[in-house]
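Participant: Contents of work39.csv (CSV, C-alpha atoms and all ligand atoms) are below:
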chain,number,residue,atom,x,y,z
A,1,MET,CA,10.3,138.8,28.7
A,2,SER,CA,13.8,139.0,27.1
A,3,LEU,CA,16.8,139.0,29.3
A,4,ILE,CA,17.7,142.5,28.1
A,5,LYS,CA,14.3,143.8,29.3
A,6,GLU,CA,14.7,141.9,32.5
A,7,LEU,CA,18.0,143.6,33.2
A,8,MET,CA,16.6,147.0,32.3
A,9,ASN,CA,13.8,146.4,34.8
A,10,ALA,CA,16.1,145.0,37.5
A,11,LEU,CA,18.3,148.1,37.3
A,12,GLN,CA,15.3,150.4,37.9
A,13,ILE,CA,15.2,149.4,41.6
A,14,LEU,CA,18.2,151.8,41.9
A,15,PRO,CA,17.2,155.2,43.2
A,16,GLY,CA,17.2,157.8,40.4
A,17,VAL,CA,17.3,155.2,37.6
A,18,GLY,CA,14.4,155.4,35.2
A,19,PRO,CA,13.8,153.5,32.0
A,20,LYS,CA,16.1,155.7,29.9
A,21,THR,CA,19.0,155.5,32.3
A,22,ALA,CA,18.4,151.7,32.8
A,23,GLN,CA,18.7,151.2,29.0
A,24,ARG,CA,22.0,153.1,28.9
A,25,LEU,CA,23.3,151.1,31.9
A,26,THR,CA,22.2,147.8,30.3
A,27,PHE,CA,24.1,148.4,27.1
A,28,HIS,CA,27.1,149.6,29.0
A,29,LEU,CA,27.2,146.5,31.1
A,30,LEU,CA,26.6,144.1,28.2
A,31,GLN,CA,28.9,145.7,25.6
A,32,LYS,CA,31.3,148.3,27.0
A,33,ASP,CA,32.3,146.7,30.3
A,34,LYS,CA,31.3,143.1,30.6
A,35,SER,CA,34.1,142.2,33.1
A,36,GLY,CA,33.1,145.2,35.3
A,37,GLY,CA,29.5,144.1,35.1
A,38,GLN,CA,30.5,140.5,36.1
A,39,HIS,CA,32.6,141.8,39.0
A,40,LEU,CA,29.7,144.1,40.1
A,41,ALA,CA,27.3,141.1,40.1
A,42,GLU,CA,29.6,139.0,42.2
A,43,VAL,CA,30.5,141.7,44.7
A,44,LEU,CA,26.8,142.6,45.0
A,45,GLN,CA,25.8,139.0,45.7
A,46,THR,CA,28.7,138.5,48.3
A,47,ALA,CA,27.9,141.8,50.0
A,48,ILE,CA,24.2,141.1,50.3
A,49,LYS,CA,24.9,137.7,51.7
A,50,ASN,CA,27.6,138.7,54.2
A,51,ILE,CA,26.9,142.3,55.3
A,52,ARG,CA,24.8,142.7,58.4
A,53,GLU,CA,24.5,145.0,61.4
A,54,CYS,CA,27.4,145.4,63.9
A,55,GLU,CA,26.3,143.7,67.2
A,56,SER,CA,27.3,146.8,69.1
A,57,CYS,CA,26.8,150.0,67.0
A,58,ARG,CA,24.5,148.5,64.3
A,59,THR,CA,26.4,150.0,61.4
A,60,LEU,CA,26.7,147.7,58.3
A,61,THR,CA,29.7,145.4,58.4
A,62,GLU,CA,30.8,141.9,57.2
A,63,ARG,CA,32.1,141.1,60.8
A,64,ASP,CA,30.1,140.4,64.0
A,65,VAL,CA,31.5,143.6,65.4
A,66,CYS,CA,32.6,146.4,63.1
A,67,LYS,CA,36.2,147.7,62.8
A,68,ILE,CA,35.4,150.8,64.8
A,69,CYS,CA,33.8,149.0,67.7
A,70,ALA,CA,36.6,146.4,67.7
A,71,ASN,CA,39.3,149.0,67.8
A,72,PRO,CA,40.6,149.3,71.4
A,73,SER,CA,41.9,152.8,70.8
A,74,ARG,CA,38.4,154.1,70.3
A,75,THR,CA,36.9,155.2,73.6
A,76,PRO,CA,33.4,154.1,74.6
A,77,ALA,CA,33.3,157.3,76.8
A,78,GLN,CA,32.2,159.3,73.8
A,79,LEU,CA,29.2,157.9,71.9
A,80,CYS,CA,28.0,159.6,68.8
A,81,VAL,CA,24.4,158.7,67.7
A,82,VAL,CA,23.7,159.0,63.9
A,83,GLU,CA,20.7,158.2,61.7
A,84,THR,CA,22.5,156.0,59.1
A,85,PRO,CA,25.7,154.1,58.5
A,86,ALA,CA,26.5,156.6,55.7
A,87,ASP,CA,26.6,159.3,58.4
A,88,ILE,CA,29.5,157.4,60.1
A,89,ILE,CA,31.5,157.3,56.9
A,90,HIS,CA,30.9,161.0,56.5
A,91,LEU,CA,32.0,161.8,60.1
A,92,GLU,CA,35.0,159.6,59.9
A,93,GLN,CA,36.1,161.4,56.7
A,94,ALA,CA,35.4,164.9,58.1
A,95,THR,CA,36.5,164.7,61.8
A,96,ASP,CA,39.2,163.1,64.0
A,97,PHE,CA,36.6,161.7,66.4
A,98,LYS,CA,38.1,158.8,68.5
A,99,GLY,CA,34.9,157.6,70.2
A,100,ARG,CA,32.2,155.1,69.2
A,101,TYR,CA,29.0,155.3,67.3
A,102,PHE,CA,25.4,154.1,67.5
A,103,VAL,CA,23.2,153.9,64.4
A,104,LEU,CA,19.5,154.7,64.8
A,105,HIS,CA,18.6,153.4,61.4
A,106,GLY,CA,15.9,156.0,61.3
A,107,LYS,CA,14.6,158.8,63.5
A,108,LEU,CA,11.6,159.1,65.9
A,109,SER,CA,8.5,160.1,64.1
A,110,PRO,CA,5.4,159.7,66.4
A,111,ILE,CA,3.1,160.8,63.4
A,112,ASP,CA,4.4,157.7,61.4
A,113,GLY,CA,4.3,155.4,64.4
A,114,VAL,CA,8.1,155.3,64.8
A,115,GLY,CA,8.7,155.4,68.6
A,116,PRO,CA,11.7,154.3,70.7
A,117,GLY,CA,10.5,150.7,70.5
A,118,GLU,CA,10.6,150.7,66.6
A,119,LEU,CA,14.2,152.0,66.7
A,120,LYS,CA,15.1,149.5,69.4
A,121,LEU,CA,16.6,152.2,71.5
A,122,ASN,CA,17.0,149.8,74.5
A,123,ARG,CA,20.2,148.7,72.7
A,124,LEU,CA,21.5,152.2,73.1
A,125,VAL,CA,21.0,152.1,76.9
A,126,ASP,CA,23.6,149.3,77.3
A,127,LEU,CA,26.1,151.5,75.6
A,128,LEU,CA,25.4,154.4,77.9
A,129,VAL,CA,26.9,152.6,80.9
A,130,GLU,CA,30.4,153.3,79.8
A,131,CYS,CA,29.6,156.7,78.3
A,132,ASP,CA,30.5,160.2,79.5
A,133,GLU,CA,29.3,162.2,76.6
A,134,LEU,CA,26.4,161.4,74.2
A,135,ILE,CA,27.0,163.3,70.9
A,136,ILE,CA,23.7,163.6,69.2
A,137,ALA,CA,24.4,163.8,65.4
A,138,THR,CA,20.9,163.4,64.0
A,139,GLY,CA,19.9,165.8,61.3
A,140,SER,CA,18.2,169.1,61.9
A,141,THR,CA,14.9,168.0,60.3
A,142,VAL,CA,11.8,168.0,62.5
A,143,GLU,CA,12.2,164.3,63.2
A,144,GLY,CA,15.9,164.7,63.7
A,145,GLU,CA,15.3,167.4,66.4
A,146,THR,CA,12.5,165.3,68.0
A,147,THR,CA,15.0,162.4,68.2
A,148,ALA,CA,17.7,164.6,69.6
A,149,GLN,CA,15.3,165.8,72.4
A,150,TYR,CA,14.4,162.3,73.3
A,151,LEU,CA,18.1,161.2,73.4
A,152,SER,CA,19.0,164.3,75.4
A,153,HIS,CA,16.4,163.2,78.1
A,154,LEU,CA,17.8,159.7,78.0
A,155,ALA,CA,21.3,161.1,78.7
A,156,GLU,CA,20.0,163.4,81.4
A,157,GLN,CA,18.4,160.4,83.2
A,158,GLY,CA,21.7,158.6,83.1
A,159,GLY,CA,23.6,161.6,84.4
A,160,ILE,CA,25.5,161.8,81.1
A,161,LYS,CA,26.4,165.0,79.2
A,162,ALA,CA,24.6,165.3,75.9
A,163,THR,CA,25.9,167.4,73.1
A,164,ARG,CA,24.6,168.3,69.7
A,165,LEU,CA,26.4,169.3,66.5
A,166,ALA,CA,26.8,173.0,66.3
A,167,HIS,CA,24.7,175.0,63.9
A,168,GLY,CA,26.3,174.9,60.6
A,169,VAL,CA,24.1,172.0,59.8
A,170,PRO,CA,21.7,173.6,57.4
A,171,LEU,CA,18.2,173.9,58.9
A,172,GLY,CA,15.9,171.3,57.5
A,173,GLY,CA,18.7,169.3,56.0
A,174,ASP,CA,20.0,165.8,56.5
A,175,LEU,CA,23.7,165.2,57.2
A,176,GLU,CA,24.2,163.5,53.9
A,177,TYR,CA,24.3,166.7,51.8
A,178,ILE,CA,26.8,168.7,53.9
A,179,ASP,CA,30.3,169.2,52.7
A,180,ASN,CA,33.2,167.9,54.8
A,181,SER,CA,34.5,171.2,56.1
A,182,THR,CA,31.0,172.4,57.3
A,183,LEU,CA,30.5,169.1,58.9
A,184,ALA,CA,33.9,169.2,60.6
A,185,HIS,CA,33.2,172.7,61.9
A,186,ALA,CA,29.8,171.7,63.2
A,187,PHE,CA,31.3,168.7,64.9
A,188,ALA,CA,34.1,170.6,66.5
A,189,SER,CA,31.8,173.3,67.9
A,190,ARG,CA,29.1,170.9,69.2
A,191,THR,CA,27.2,172.4,72.1
A,192,GLN,CA,26.0,170.9,75.4
A,193,LEU,CA,22.2,170.4,75.5
B,1,MET,CA,39.3,146.5,51.6
B,2,SER,CA,35.9,146.0,53.3
B,3,LEU,CA,33.1,144.5,51.3
B,4,ILE,CA,31.1,147.7,51.5
B,5,LYS,CA,34.0,149.7,49.9
B,6,GLU,CA,34.4,147.0,47.3
B,7,LEU,CA,30.7,147.3,46.3
B,8,MET,CA,31.0,151.1,46.2
B,9,ASN,CA,34.0,150.7,43.9
B,10,ALA,CA,32.3,148.1,41.7
B,11,LEU,CA,29.3,150.4,41.2
B,12,GLN,CA,31.5,153.2,39.9
B,13,ILE,CA,32.0,151.3,36.6
B,14,LEU,CA,28.5,152.5,35.8
B,15,PRO,CA,28.4,155.7,33.6
B,16,GLY,CA,27.5,158.7,35.6
B,17,VAL,CA,28.1,157.1,39.0
B,18,GLY,CA,30.7,158.8,41.1
B,19,PRO,CA,31.8,158.1,44.8
B,20,LYS,CA,28.8,159.9,46.3
B,21,THR,CA,26.2,158.2,44.2
B,22,ALA,CA,27.9,154.8,44.6
B,23,GLN,CA,27.6,155.2,48.4
B,24,ARG,CA,23.9,156.0,48.1
B,25,LEU,CA,23.3,153.1,45.8
B,26,THR,CA,25.3,150.8,48.1
B,27,PHE,CA,23.3,151.5,51.2
B,28,HIS,CA,20.1,151.3,49.2
B,29,LEU,CA,21.1,147.8,47.9
B,30,LEU,CA,22.2,146.6,51.4
B,31,GLN,CA,19.4,148.1,53.5
B,32,LYS,CA,16.4,149.3,51.6
B,33,ASP,CA,16.1,146.7,48.9
B,34,LYS,CA,18.1,143.6,49.5
B,35,SER,CA,15.8,141.3,47.4
B,36,GLY,CA,15.9,143.8,44.5
B,37,GLY,CA,19.7,143.8,44.8
B,38,GLN,CA,19.9,140.1,44.9
B,39,HIS,CA,17.6,139.9,41.8
B,40,LEU,CA,19.7,142.5,40.0
B,41,ALA,CA,22.9,140.6,40.7
B,42,GLU,CA,21.4,137.3,39.3
B,43,VAL,CA,19.9,138.9,36.2
B,44,LEU,CA,23.1,140.8,35.5
B,45,GLN,CA,25.1,137.6,35.7
B,46,THR,CA,22.7,135.6,33.6
B,47,ALA,CA,22.6,138.4,31.0
B,48,ILE,CA,26.3,138.8,30.8
B,49,LYS,CA,26.7,135.0,30.3
B,50,ASN,CA,23.9,134.6,27.8
B,51,ILE,CA,23.6,137.7,25.7
B,52,ARG,CA,25.5,137.9,22.5
B,53,GLU,CA,25.2,139.3,19.0
B,54,CYS,CA,22.4,138.1,16.6
B,55,GLU,CA,24.1,136.0,13.9
B,56,SER,CA,22.2,138.0,11.3
B,57,CYS,CA,21.7,141.6,12.4
B,58,ARG,CA,24.2,141.8,15.2
B,59,THR,CA,21.9,143.3,17.8
B,60,LEU,CA,22.2,142.0,21.4
B,61,THR,CA,20.1,138.9,22.0
B,62,GLU,CA,19.9,135.7,24.1
B,63,ARG,CA,19.2,133.6,21.0
B,64,ASP,CA,21.3,132.7,18.0
B,65,VAL,CA,19.1,134.8,15.9
B,66,CYS,CA,17.1,137.7,17.4
B,67,LYS,CA,13.3,137.9,17.5
B,68,ILE,CA,13.1,140.4,14.7
B,69,CYS,CA,15.3,138.5,12.3
B,70,ALA,CA,13.5,135.3,13.2
B,71,ASN,CA,10.1,136.9,12.6
B,72,PRO,CA,8.9,135.7,9.1
B,73,SER,CA,6.5,138.7,8.8
B,74,ARG,CA,9.4,141.1,8.8
B,75,THR,CA,10.7,141.6,5.2
B,76,PRO,CA,14.3,141.4,4.3
B,77,ALA,CA,13.6,143.7,1.4
B,78,GLN,CA,13.9,146.8,3.7
B,79,LEU,CA,17.1,146.9,5.7
B,80,CYS,CA,17.7,149.6,8.2
B,81,VAL,CA,21.3,150.2,9.3
B,82,VAL,CA,21.8,151.6,12.8
B,83,GLU,CA,24.8,152.4,15.0
B,84,THR,CA,23.7,150.6,18.2
B,85,PRO,CA,21.2,148.0,19.5
B,86,ALA,CA,19.6,150.9,21.5
B,87,ASP,CA,18.7,152.6,18.2
B,88,ILE,CA,16.7,149.5,17.2
B,89,ILE,CA,14.7,149.7,20.5
B,90,HIS,CA,14.1,153.4,19.8
B,91,LEU,CA,13.0,152.8,16.2
B,92,GLU,CA,10.7,149.9,17.2
B,93,GLN,CA,9.0,152.1,19.8
B,94,ALA,CA,8.7,155.1,17.5
B,95,THR,CA,7.8,153.6,14.1
B,96,ASP,CA,5.8,150.8,12.5
B,97,PHE,CA,8.8,149.6,10.4
B,98,LYS,CA,8.3,146.0,9.3
B,99,GLY,CA,11.7,145.4,7.7
B,100,ARG,CA,15.0,144.2,9.2
B,101,TYR,CA,18.0,145.8,10.8
B,102,PHE,CA,21.8,145.7,10.7
B,103,VAL,CA,23.8,147.1,13.7
B,104,LEU,CA,27.1,148.7,12.9
B,105,HIS,CA,28.3,148.8,16.5
B,106,GLY,CA,30.1,152.0,15.7
B,107,LYS,CA,30.6,154.3,12.8
B,108,LEU,CA,33.3,154.9,10.2
B,109,SER,CA,36.0,157.2,11.5
B,110,PRO,CA,39.1,157.2,9.3
B,111,ILE,CA,40.8,159.6,11.7
B,112,ASP,CA,40.5,157.0,14.5
B,113,GLY,CA,41.4,154.1,12.2
B,114,VAL,CA,37.8,152.8,12.1
B,115,GLY,CA,37.2,151.6,8.5
B,116,PRO,CA,34.8,149.1,6.9
B,117,GLY,CA,37.0,146.3,8.0
B,118,GLU,CA,36.8,147.3,11.7
B,119,LEU,CA,33.0,147.4,11.5
B,120,LYS,CA,33.0,144.1,9.6
B,121,LEU,CA,30.8,145.5,6.9
B,122,ASN,CA,31.3,142.4,4.8
B,123,ARG,CA,28.5,140.9,6.9
B,124,LEU,CA,26.2,143.6,5.6
B,125,VAL,CA,26.9,142.7,2.0
B,126,ASP,CA,25.3,139.2,2.5
B,127,LEU,CA,22.1,140.9,3.7
B,128,LEU,CA,22.0,143.2,0.6
B,129,VAL,CA,21.2,140.3,-1.7
B,130,GLU,CA,17.5,140.2,-0.6
B,131,CYS,CA,17.3,144.0,-0.1
B,132,ASP,CA,15.4,146.6,-2.2
B,133,GLU,CA,15.9,149.5,0.1
B,134,LEU,CA,18.8,150.3,2.4
B,135,ILE,CA,17.5,152.7,5.1
B,136,ILE,CA,20.6,154.5,6.6
B,137,ALA,CA,19.7,155.5,10.1
B,138,THR,CA,23.1,156.6,11.4
B,139,GLY,CA,23.2,159.8,13.4
B,140,SER,CA,24.0,163.1,11.8
B,141,THR,CA,27.3,163.5,13.4
B,142,VAL,CA,30.4,163.9,11.1
B,143,GLU,CA,31.1,160.1,11.5
B,144,GLY,CA,27.4,159.3,11.1
B,145,GLU,CA,27.4,161.2,7.7
B,146,THR,CA,30.7,159.7,6.6
B,147,THR,CA,29.2,156.2,7.3
B,148,ALA,CA,26.0,157.1,5.5
B,149,GLN,CA,28.0,158.1,2.4
B,150,TYR,CA,29.9,154.9,2.4
B,151,LEU,CA,26.7,152.8,2.8
B,152,SER,CA,25.0,154.8,0.1
B,153,HIS,CA,27.9,153.9,-2.3
B,154,LEU,CA,27.6,150.3,-1.3
B,155,ALA,CA,23.9,150.3,-2.1
B,156,GLU,CA,24.5,152.0,-5.4
B,157,GLN,CA,27.0,149.4,-6.4
B,158,GLY,CA,24.4,146.7,-5.7
B,159,GLY,CA,21.7,148.6,-7.5
B,160,ILE,CA,19.8,149.1,-4.3
B,161,LYS,CA,17.8,152.2,-3.4
B,162,ALA,CA,19.4,153.9,-0.4
B,163,THR,CA,17.4,156.2,1.9
B,164,ARG,CA,18.3,158.4,4.8
B,165,LEU,CA,16.2,159.6,7.7
B,166,ALA,CA,14.6,162.9,6.9
B,167,HIS,CA,15.9,166.0,8.6
B,168,GLY,CA,14.4,166.3,11.9
B,169,VAL,CA,17.3,164.5,13.4
B,170,PRO,CA,19.0,167.4,15.1
B,171,LEU,CA,22.3,168.3,13.4
B,172,GLY,CA,25.3,167.0,15.3
B,173,GLY,CA,23.2,164.8,17.4
B,174,ASP,CA,23.0,161.0,18.0
B,175,LEU,CA,19.7,159.2,17.6
B,176,GLU,CA,19.6,158.4,21.3
B,177,TYR,CA,18.5,161.8,22.4
B,178,ILE,CA,15.6,162.3,20.0
B,179,ASP,CA,12.0,162.1,21.3
B,180,ASN,CA,9.8,159.5,19.7
B,181,SER,CA,7.6,161.8,17.7
B,182,THR,CA,10.5,163.6,16.0
B,183,LEU,CA,12.1,160.2,15.3
B,184,ALA,CA,8.8,158.8,13.9
B,185,HIS,CA,8.5,161.9,11.6
B,186,ALA,CA,12.1,161.7,10.5
B,187,PHE,CA,11.6,158.0,9.7
B,188,ALA,CA,8.4,158.5,7.8
B,189,SER,CA,9.9,161.3,5.6
B,190,ARG,CA,13.2,159.5,4.9
B,191,THR,CA,14.6,160.7,1.5
B,192,GLN,CA,16.3,158.8,-1.3
B,193,LEU,CA,20.0,159.4,-1.5
C,1,ZN,ZN,30.2,148.7,65.4
C,2,ZN,ZN,18.8,139.9,14.4
Just give me the structure as structure tokens.
Facilitator:
Amino acid sequence: MSLIKELMNALQILPGVGPKTAQRLTFHLLQKDKSGGQHLAEVLQTAIKNIRECESCRTLTERDVCKICANPSRTPAQLCVVETPADIIHLEQATDFKGRYFVLHGKLSPIDGVGPGELKLNRLVDLLVECDELIIATGSTVEGETTAQYLSHLAEQGGIKATRLAHGVPLGGDLEYIDNSTLAHAFASRTQL
Amino acid sequence: MSLIKELMNALQILPGVGPKTAQRLTFHLLQKDKSGGQHLAEVLQTAIKNIRECESCRTLTERDVCKICANPSRTPAQLCVVETPADIIHLEQATDFKGRYFVLHGKLSPIDGVGPGELKLNRLVDLLVECDELIIATGSTVEGETTAQYLSHLAEQGGIKATRLAHGVPLGGDLEYIDNSTLAHAFASRTQL
């Protein structure tokens, strides 16, 4: 296989990139912006090698403990549980939340065999010790709601207040597609479960 | 800047990739498909290092002379002039052309200061020695037609038949967006200029 074809194929691992787009990207990288392409290749390699999960909240980071968890001005008394690291970026942009996060890296889905063990929720339990309020920011999909119910039980058992983002999160939608102001509103008017 | 942000920025050199898409691609590469991402980084680096222009036709290749130019069963008597390497891929898929190509890497645009010198068209003249038919496959944009007229003159001076892809190429459009069967039809019914 020629190197050009290899590059076209390699680009198709990207979500939303089919053969036609891959071809356009290939010629862009090899002709229009070689230095940008070289930089992309280097950064991608370094990132893949160095980025791992934060030992505390499990978001992606190049440190042992991420910037948010390592920041002493962020209180462990408020813990916000999200499905993905992208949700943290989104909440940080949209709100002035000063607590900590915990990333589920998924959601409970008994039908797919994803239970508390698969999500390693025991690591959440350690964080609940210092926690007064568990803010459950999973999406409002079926699995998001199932997960929220489970987390709410967990909080109840620990005598911790559990809150959930206010409606405003579109029904059946993931956090990813919500605009900042809707998300800020939903976060501000979160309700106790 | 964190490595994650650096990767998000680096991805935005890709055409059509804004901040939102870059974020999605970043988490895909760092979580869902690390090995695909590692492979992409390596192939991209190797391709940028090794791919250059064919010494004869100027398409992109990892050899001194590309596969088509090096193929003795492809006749130099028919020479097809295209704007980009992508056009060669497209024509090879759509037609059973057995001649050779020449890549302009652009088109004449006097208004933008792109003349025969900028496109190094002297390198085309060498190829005309062995050529009976110059197939002009530039797009039917204003610049594409200007270029075609110039090439047609060049062929005339050399006593070479010049042909142009038949109508079927949408007016005002580049080759890139034409489906295979329209392109095959246009190629088969090319007309003498
Ligand atoms: Zn952390
Ligand atoms: Zn060649």
Participant: List the spatial neighbours of Leu3 in chain A as a PDB file with C-alpha atoms, in the frame of the given file - criterion: any atom at most 12 Å away, all atoms listed in the file, same-chain residues fewer than 6 positions off excluded.
Facilitator:
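Once everything was written out, this is part.pdb:
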ATOM      1  CA  ASN A   9      13.800 146.400  34.800  1.00  0.00           C
ATOM      2  CA  ALA A  10      16.100 145.000  37.500  1.00  0.00           C
ATOM      3  CA  THR A  26      22.200 147.800  30.300  1.00  0.00           C
ATOM      4  CA  LEU A  30      26.600 144.100  28.200  1.00  0.00           C
TER       5      LEU A  30
ATOM      6  CA  LEU B  40      19.700 142.500  40.000  1.00  0.00           C
ATOM      7  CA  GLU B  42      21.400 137.300  39.300  1.00  0.00           C
ATOM      8  CA  VAL B  43      19.900 138.900  36.200  1.00  0.00           C
ATOM      9  CA  LEU B  44      23.100 140.800  35.500  1.00  0.00           C
ATOM     10  CA  GLN B  45      25.100 137.600  35.700  1.00  0.00           C
ATOM     11  CA  THR B  46      22.700 135.600  33.600  1.00  0.00           C
ATOM     12  CA  ALA B  47      22.600 138.400  31.000  1.00  0.00           C
ATOM     13  CA  ILE B  48      26.300 138.800  30.800  1.00  0.00           C
ATOM     14  CA  LYS B  49      26.700 135.000  30.300  1.00  0.00           C
ATOM     15  CA  ASN B  50      23.900 134.600  27.800  1.00  0.00           C
ATOM     16  CA  ILE B  51      23.600 137.700  25.700  1.00  0.00           C
ATOM     17  CA  ARG B  52      25.500 137.900  22.500  1.00  0.00           C
ATOM     18  CA  LEU B  60      22.200 142.000  21.400  1.00  0.00           C
ATOM     19  CA  THR B  61      20.100 138.900  22.000  1.00  0.00           C
ATOM     20  CA  GLU B  62      19.900 135.700  24.100  1.00  0.00           C
ATOM     21  CA  ARG B  63      19.200 133.600  21.000  1.00  0.00           C
ATOM     22  CA  CYS B  66      17.100 137.700  17.400  1.00  0.00           C
TER      23      CYS B  66
END
Participant: Hey, what's within 10 Å of Val65 in chain A if we count only C-alpha atoms and toss same-chain stuff fewer than 6 positions away? As a list in words, please?
Facilitator: Arg52, Glu53, Cys54, Glu55, Ser56, Cys57, Arg58, Thr59 and Asn71 of chain A
Participant: Around (26.6, 157.6, 55.4) in the file's own coordinates, what residues are found within 9 Å if you use all atoms listed in the file, given back as a ChimeraX atom specification?
Facilitator: /A:83-91,175-176 /B:23-24,27
Participant: Between B:Ile178, B:Pro72, B:Gln157, B:Phe187, which residue has the minimum interatomic distance to chain A, considering only C-alpha atoms?
Facilitator: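 The closest residue to chain A is B:Ile178.
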Participant: Using all atoms listed in the file - which residues lie no farther than 8 Å from the point (25.5, 147.2, 36.3) in the file's frame? Write them as a PDB file with C-alpha atoms, keeping the file's coordinate frame.
Facilitator:
ATOM      1  CA  LEU A  11      18.300 148.100  37.300  1.00  0.00           C
ATOM      2  CA  LEU A  25      23.300 151.100  31.900  1.00  0.00           C
ATOM      3  CA  THR A  26      22.200 147.800  30.300  1.00  0.00           C
ATOM      4  CA  HIS A  28      27.100 149.600  29.000  1.00  0.00           C
ATOM      5  CA  LEU A  29      27.200 146.500  31.100  1.00  0.00           C
ATOM      6  CA  GLY A  36      33.100 145.200  35.300  1.00  0.00           C
ATOM      7  CA  GLY A  37      29.500 144.100  35.100  1.00  0.00           C
ATOM      8  CA  LEU A  40      29.700 144.100  40.100  1.00  0.00           C
ATOM      9  CA  ALA A  41      27.300 141.100  40.100  1.00  0.00           C
TER      10      ALA A  41
ATOM     11  CA  LEU B  11      29.300 150.400  41.200  1.00  0.00           C
ATOM     12  CA  ILE B  13      32.000 151.300  36.600  1.00  0.00           C
ATOM     13  CA  LEU B  14      28.500 152.500  35.800  1.00  0.00           C
ATOM     14  CA  LEU B  44      23.100 140.800  35.500  1.00  0.00           C
TER      15      LEU B  44
END
Participant: If I take CA of Gln93 in chain A and CA of Asp179 in chain A, how far is one from the other in Å, to one decimal?
Facilitator: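 Atom-to-atom, CA of Gln93 in chain A to CA of Asp179 in chain A, that is 10.5 Å.
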Participant: Between B:Lys161, B:Leu121, B:Leu104, B:Lys67, which has the minimum distance to ligand ZN 2 (chain C) (counting only C-alpha atoms and all ligand atoms)?
Facilitator: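 Under the stated criterion, the closest residue is B:Lys67.
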Participant: Can you tell me, as a short mmCIF file (atom, residue, chain, number, x, y, z; two decimals) with C-alpha atoms, in the frame of the given file, what residues are no more than 10 Å from Asp132 in chain B when counting all atoms listed in the file, ignoring any on the same chain fewer than 2 positions away?
Facilitator:
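Wrote it out as around29.cif, contents follow:
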data_model
loop_
_atom_site.label_atom_id
_atom_site.label_comp_id
_atom_site.auth_asym_id
_atom_site.auth_seq_id
_atom_site.Cartn_x
_atom_site.Cartn_y
_atom_site.Cartn_z
CA PRO B 76 14.30 141.40 4.30
CA ALA B 77 13.60 143.70 1.40
CA GLN B 78 13.90 146.80 3.70
CA LEU B 79 17.10 146.90 5.70
CA LEU B 128 22.00 143.20 0.60
CA VAL B 129 21.20 140.30 -1.70
CA GLU B 130 17.50 140.20 -0.60
CA LEU B 134 18.80 150.30 2.40
CA ILE B 135 17.50 152.70 5.10
CA ALA B 155 23.90 150.30 -2.10
CA GLY B 158 24.40 146.70 -5.70
CA GLY B 159 21.70 148.60 -7.50
CA ILE B 160 19.80 149.10 -4.30
CA LYS B 161 17.80 152.20 -3.40
CA ALA B 162 19.40 153.90 -0.40
#
Participant: Tell me, in Å to one decimal, how far CA of Ala188 in chain A is from CA of Gly99 in chain A.
Facilitator: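 A separation of 13.5 Å between them.
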Participant: Taking all atoms listed in the file into account, which of B:Phe102, B:Phe97, B:Pro15, B:Ala166 comes nearest Val125 in chain B?
Facilitator: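 Residue with the minimum atom-to-atom distance to Val125 in chain B: B:Phe102.
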Participant: How many Å separate CA of Asn122 in chain A from CA of Thr95 in chain A?
Facilitator: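 Interatomic distance, CA of Asn122 in chain A to CA of Thr95 in chain A: 27.6 Å.
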Participant: Excluding same-chain residues fewer than 6 positions from Thr163 in chain B, what lies within 10 Å of it counting only C-alpha atoms, as a PyMOL selection string?
Facilitator: chain B and resi 80+133-137+148+151-152+155+187+189-193
Participant: Nearest residue to chain B out of A:Glu143, A:Glu92, A:Asp33, A:Asp126, using all atoms listed in the file?
Facilitator: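 Closest to chain B of all the choices is A:Asp33.
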Participant: Which of these residues is nearest to chain B, using all atoms listed in the file: A:Thr21, A:Gln38, A:Gln12, A:Thr75?
Facilitator: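 Result for the nearest residue to chain B: A:Gln38.
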Participant: Check the smallest atom-to-atom distance from each of B:Ile111, B:Gly106, B:Cys69, B:Leu154 to chain A using only C-alpha atoms, then report the winner.
Facilitator: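 Once distances to chain A are computed over only C-alpha atoms, the minimum belongs to B:Gly106.
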Participant: Can you write range 31-37 of chain A from the block above with N, CA and C atoms, as a PDB file, in the first residue's frame?
Facilitator:
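Output below, filename part.pdb:
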ATOM      1  N   GLN A  31       0.321  18.904   1.499  1.00  0.00           N
ATOM      2  CA  GLN A  31       0.626  20.002   0.588  1.00  0.00           C
ATOM      3  C   GLN A  31       0.455  21.366   1.231  1.00  0.00           C
ATOM      4  N   LYS A  32      -0.741  21.618   1.757  1.00  0.00           N
ATOM      5  CA  LYS A  32      -1.062  22.970   2.206  1.00  0.00           C
ATOM      6  C   LYS A  32      -0.418  23.308   3.544  1.00  0.00           C
ATOM      7  N   ASP A  33      -0.323  22.336   4.458  1.00  0.00           N
ATOM      8  CA  ASP A  33       0.135  22.656   5.801  1.00  0.00           C
ATOM      9  C   ASP A  33       0.981  21.536   6.392  1.00  0.00           C
ATOM     10  N   LYS A  34       2.149  21.346   5.774  1.00  0.00           N
ATOM     11  CA  LYS A  34       3.074  20.307   6.224  1.00  0.00           C
ATOM     12  C   LYS A  34       3.537  20.555   7.653  1.00  0.00           C
ATOM     13  N   SER A  35       3.841  21.814   7.994  1.00  0.00           N
ATOM     14  CA  SER A  35       4.383  22.072   9.335  1.00  0.00           C
ATOM     15  C   SER A  35       3.295  21.865  10.381  1.00  0.00           C
ATOM     16  N   GLY A  36       2.060  22.253  10.048  1.00  0.00           N
ATOM     17  CA  GLY A  36       0.935  21.979  10.942  1.00  0.00           C
ATOM     18  C   GLY A  36       0.742  20.483  11.118  1.00  0.00           C
ATOM     19  N   GLY A  37       0.905  19.729  10.058  1.00  0.00           N
ATOM     20  CA  GLY A  37       0.760  18.277  10.109  1.00  0.00           C
ATOM     21  C   GLY A  37       1.842  17.644  10.963  1.00  0.00           C
TER      22      GLY A  37
END
